[in-house]
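Here the structure comes first, spelled out in structure tokens, and everything after it is commentary.
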Amino acid sequence: MPDLPTPQDAAEAALFSECWDAVLSYADLCTSGSSAGRQLATEAFSRGIHEAREAQTQERTSGRRTPRLPRIPMLLTAVRTTAAAWEDEGKGHLLDPDLRLWLNSPKAARYTGPPLTRPLALRGLKDLQEPDATLLWLVEVEALPLPDVARRLGLDPATAAQELIQVRALFRDRCQRNHLDTPMGTDCRSYARLLDAVTRSPGADTPEDLSRHLATCVECAEAAACLRLHGGGTPAALASGVIGWGGLAYLERRRRAAEAGLSGGRTDAGTDRGISVGAVARPRIGRSGILAAAVIVSALAMTVSLMQLGDSGGRVSASGDPAEGAIAATPSLPALGTTPGRTPTGASHTTRPAHSGSTPKSGDSDTEPQGKSTSPVADPTKASAAPTPPAPSTCRVKYDIVDEWPEGFQGTVTVTSTKALDDWHIDWTFGDGQHITQMWDGTYTQSGSEVTAHAADYNKQVAANGTFAVGFNATWHGTNGEPRTFTVNGATCSTTG
């Protein structure tokens, strides 16, 4: 980590390590480049830690608890407030242009205005006890596995699921109370009780008049998202309500990082966290595949060795190069119509007249692996009768279009690497003129149809058989076909549907 506040003890040092990854991830979204992102993350982290320490000191002095966010969302809020300070100080050119527009709009004012007008999820999360709020945030937004969260918080993993259900119910209760306390118009007040009843039951139908109201009222729509525990909308409600701008992009980024085992500032080397629900299982190269490849290589080496022993002239390897360890000087090969060591596409393994003009003996076999030429020089076309099979691909790519709208779409590129990586970049080529406008979990450059996505600072390292991904928004016109020719660090990858 860069120059950050000095941890006060070992527990705070571990907390710093867990929080820094999340802060850097969001700061990278908020800025126009990785260097500015690291600078914003450092300033926000220092600001947030000092504010948290001051709040703890005041609590110890007064003996009263002040409602506050858990550590990670509190630091993410510090990123947003630091970005606003940059805008006021004339450093707005370092921020994402869309964030600058948001900071100067009424949407941003909601997060700093009167408490009763702030987003409902923000108020509801603050009203929870800090351990409960931390549990909810780590599971719903950071997308960490529940057993890992339980161990981190000192909970019993066997009862953590039941604990999470109770915390979700508490969060809903706090949001419901805050919604009723919010200053609202007559229409919103008349629908408040009905909204509470409809969102309690997963099978309840939404009346048509309430549905029309939710389509036009932002505050009531936010309340519905917070109150409806079923349907999987809690993560989006929390991320949007607490973080604000970029909340959904941050949510997707953290989900991808958790799937790749990169959350919390650590890479679980050798641990495969599996694939998210609904994803297509990817084949893996097992031990039998490695053994089969070894057998093929050994057989080819033996074939070449036997050919060299039988030749009276120069020794030529299967690749057409002089055999390693040859002693006698080898004469020059005569001019051939084909490249040594390669068999023309579609050629059969029938005996061909030697280029020197000699005729094969009648007893020679057409398919003999060690077939000898009657010429003093080994026939290169015979040496290539069993060409070396191409090496198996070390990476697999899955390209997904998550969402699509007229002239725009959201996509992801997910890569599984069979070998460990210290850094990576993905290259691909669009075929229909698509153009990327935003990327998360990586940085990108695009020249024409060719795209290169580089790793972010927090997800460069990948364990063997590990998965990593980038998400992006892009434009398209007419046709939105899948890209061609994916490579990782220059190596061509296989693709999965």
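Each chain in the structure tokens gets a letter, A, B, ..., in the order shown, and its residues are numbered from 1; ligands are numbered from 1 in order too.
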Would you kindly return, as a CSV table (one decimal) with all heavy atoms, in the first residue's frame, each protein, DNA or RNA residue with an atom no farther than 12 Å from any atom of Gln56 in chain A, considering only C-alpha atoms and excluding same-chain residues fewer than 5 positions away?
chain,number,residue,atom,x,y,z
A,49,ILE,N,-9.9,7.4,7.6
A,49,ILE,CA,-9.4,6.9,8.8
A,49,ILE,C,-9.3,7.9,10.0
A,49,ILE,O,-9.7,7.6,11.1
A,49,ILE,CB,-8.0,6.3,8.6
A,49,ILE,CG1,-8.1,5.1,7.6
A,49,ILE,CG2,-7.3,5.9,9.9
A,49,ILE,CD1,-8.9,3.9,8.2
A,50,HIS,N,-8.9,9.1,9.6
A,50,HIS,CA,-8.8,10.2,10.7
A,50,HIS,C,-10.2,10.5,11.2
A,50,HIS,O,-10.4,10.7,12.4
A,50,HIS,CB,-8.2,11.4,10.1
A,50,HIS,CG,-6.7,11.3,9.9
A,50,HIS,ND1,-5.9,10.7,10.8
A,50,HIS,CD2,-6.0,11.6,8.8
A,50,HIS,CE1,-4.6,10.7,10.3
A,50,HIS,NE2,-4.7,11.3,9.1
A,51,GLU,N,-11.2,10.5,10.3
A,51,GLU,CA,-12.6,10.8,10.8
A,51,GLU,C,-13.1,9.7,11.6
A,51,GLU,O,-13.8,9.9,12.6
A,51,GLU,CB,-13.5,11.0,9.5
A,51,GLU,CG,-13.3,12.3,8.8
A,51,GLU,CD,-14.2,12.4,7.5
A,51,GLU,OE1,-14.9,11.4,7.2
A,51,GLU,OE2,-14.1,13.4,6.9
A,61,THR,N,-15.5,9.3,25.0
A,61,THR,CA,-15.6,10.5,25.9
A,61,THR,C,-17.0,10.7,26.4
A,61,THR,O,-17.3,10.9,27.6
A,61,THR,CB,-15.1,11.8,25.2
A,61,THR,OG1,-13.7,11.6,24.8
A,61,THR,CG2,-15.1,12.9,26.2
A,62,SER,N,-18.0,10.6,25.4
A,62,SER,CA,-19.4,10.9,25.8
A,62,SER,C,-20.1,9.7,26.3
A,62,SER,O,-21.1,9.8,27.0
A,62,SER,CB,-20.1,11.4,24.6
A,62,SER,OG,-20.1,10.5,23.5
A,63,GLY,N,-19.6,8.5,25.9
A,63,GLY,CA,-20.3,7.3,26.4
A,63,GLY,C,-21.5,6.9,25.5
A,63,GLY,O,-22.3,6.0,25.9
A,64,ARG,N,-21.7,7.7,24.5
A,64,ARG,CA,-22.9,7.4,23.6
A,64,ARG,C,-22.5,7.1,22.2
A,64,ARG,O,-21.5,7.6,21.7
A,64,ARG,CB,-23.8,8.7,23.6
A,64,ARG,CG,-24.4,9.1,24.9
A,64,ARG,CD,-25.4,10.2,24.7
A,64,ARG,NE,-24.8,11.4,24.1
A,64,ARG,CZ,-25.5,12.5,23.8
A,64,ARG,NH1,-26.8,12.5,23.9
A,64,ARG,NH2,-24.8,13.5,23.3
A,65,ARG,N,-23.2,6.1,21.6
A,65,ARG,CA,-22.9,5.7,20.3
A,65,ARG,C,-23.5,6.7,19.3
A,65,ARG,O,-24.7,7.0,19.3
A,65,ARG,CB,-23.5,4.3,20.0
A,65,ARG,CG,-23.3,3.8,18.6
A,65,ARG,CD,-24.0,2.5,18.3
A,65,ARG,NE,-23.8,2.1,16.9
A,65,ARG,CZ,-24.7,2.5,15.9
A,65,ARG,NH1,-25.7,3.3,16.2
A,65,ARG,NH2,-24.5,2.1,14.7
A,66,THR,N,-22.7,7.0,18.3
A,66,THR,CA,-23.1,7.9,17.2
A,66,THR,C,-23.4,7.0,16.0
A,66,THR,O,-22.5,6.2,15.6
A,66,THR,CB,-22.1,9.0,16.8
A,66,THR,OG1,-21.8,9.7,18.0
A,66,THR,CG2,-22.5,9.8,15.7
A,67,PRO,N,-24.6,7.1,15.4
A,67,PRO,CA,-24.8,6.3,14.2
A,67,PRO,C,-23.8,6.5,13.1
A,67,PRO,O,-23.5,7.7,12.8
A,67,PRO,CB,-26.2,6.7,13.7
A,67,PRO,CG,-26.9,7.2,15.0
A,67,PRO,CD,-25.8,7.9,15.7
A,68,ARG,N,-23.2,5.5,12.6
A,68,ARG,CA,-22.2,5.7,11.6
A,68,ARG,C,-22.1,4.4,10.7
A,68,ARG,O,-22.6,3.3,11.1
A,68,ARG,CB,-20.8,6.0,12.1
A,68,ARG,CG,-20.2,4.8,12.9
A,68,ARG,CD,-18.7,5.2,13.3
A,68,ARG,NE,-18.1,4.1,13.9
A,68,ARG,CZ,-18.0,3.9,15.3
A,68,ARG,NH1,-18.5,4.8,16.1
A,68,ARG,NH2,-17.3,2.9,15.8
A,71,ARG,N,-16.8,0.3,8.3
A,71,ARG,CA,-15.5,0.9,7.8
A,71,ARG,C,-15.5,1.0,6.3
A,71,ARG,O,-15.1,2.0,5.8
A,71,ARG,CB,-14.4,0.1,8.4
A,71,ARG,CG,-13.0,0.7,8.1
A,71,ARG,CD,-12.9,2.1,8.8
A,71,ARG,NE,-13.0,2.0,10.2
A,71,ARG,CZ,-12.0,1.9,11.1
A,71,ARG,NH1,-10.8,1.8,10.6
A,71,ARG,NH2,-12.2,1.9,12.4
Report as a VMD selection string all protein, DNA and RNA residues lying within 12 Å of Leu195 in chain A, evaluated on only C-alpha atoms, omitting residues in the same chain fewer than 5 positions from it.
chain A and resid 176 179 to 180 187 to 190 200 to 201 204 to 207 209 to 211 213 to 214 220 to 228
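Compared by their closest atoms to Arg254 in chain A, and using only C-alpha atoms, the residues A:Ala109, A:Val488, A:Leu116, A:Ala143 rank with A:Ala143 nearest.
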Using only C-alpha atoms, which protein or nucleic acid residues come within 10 Å of Trp440 in chain A? Drop anything in the same chain fewer than 4 positions from it, and give the result as an MDAnalysis selection string.
chainID A and resid 25:26 28:29 249:250 252:254 256 412 444 453 455:456 469:473
Fewer than 4 positions away in the same chain doesn't count, so skip those; otherwise give me all residues within 9 Å of Leu24 in chain A, counting only C-alpha atoms, as a list in words.
Cys19, Trp20, Asp28, Leu29, Gly37, Arg38, Leu40, Ala41, Thr42, Phe45, Asp457 and Tyr458 of chain A
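Interatomic distance, CA of Ala78 in chain A to CA of Ala260 in chain A: 26.5 Å.
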Taking 5 positions as the minimum chain separation for residues in the same chain, which residues sit within 9 Å of Ser32 in chain A when counting only C-alpha atoms? Answer as a VMD selection string.
chain A and resid 37 93 to 97
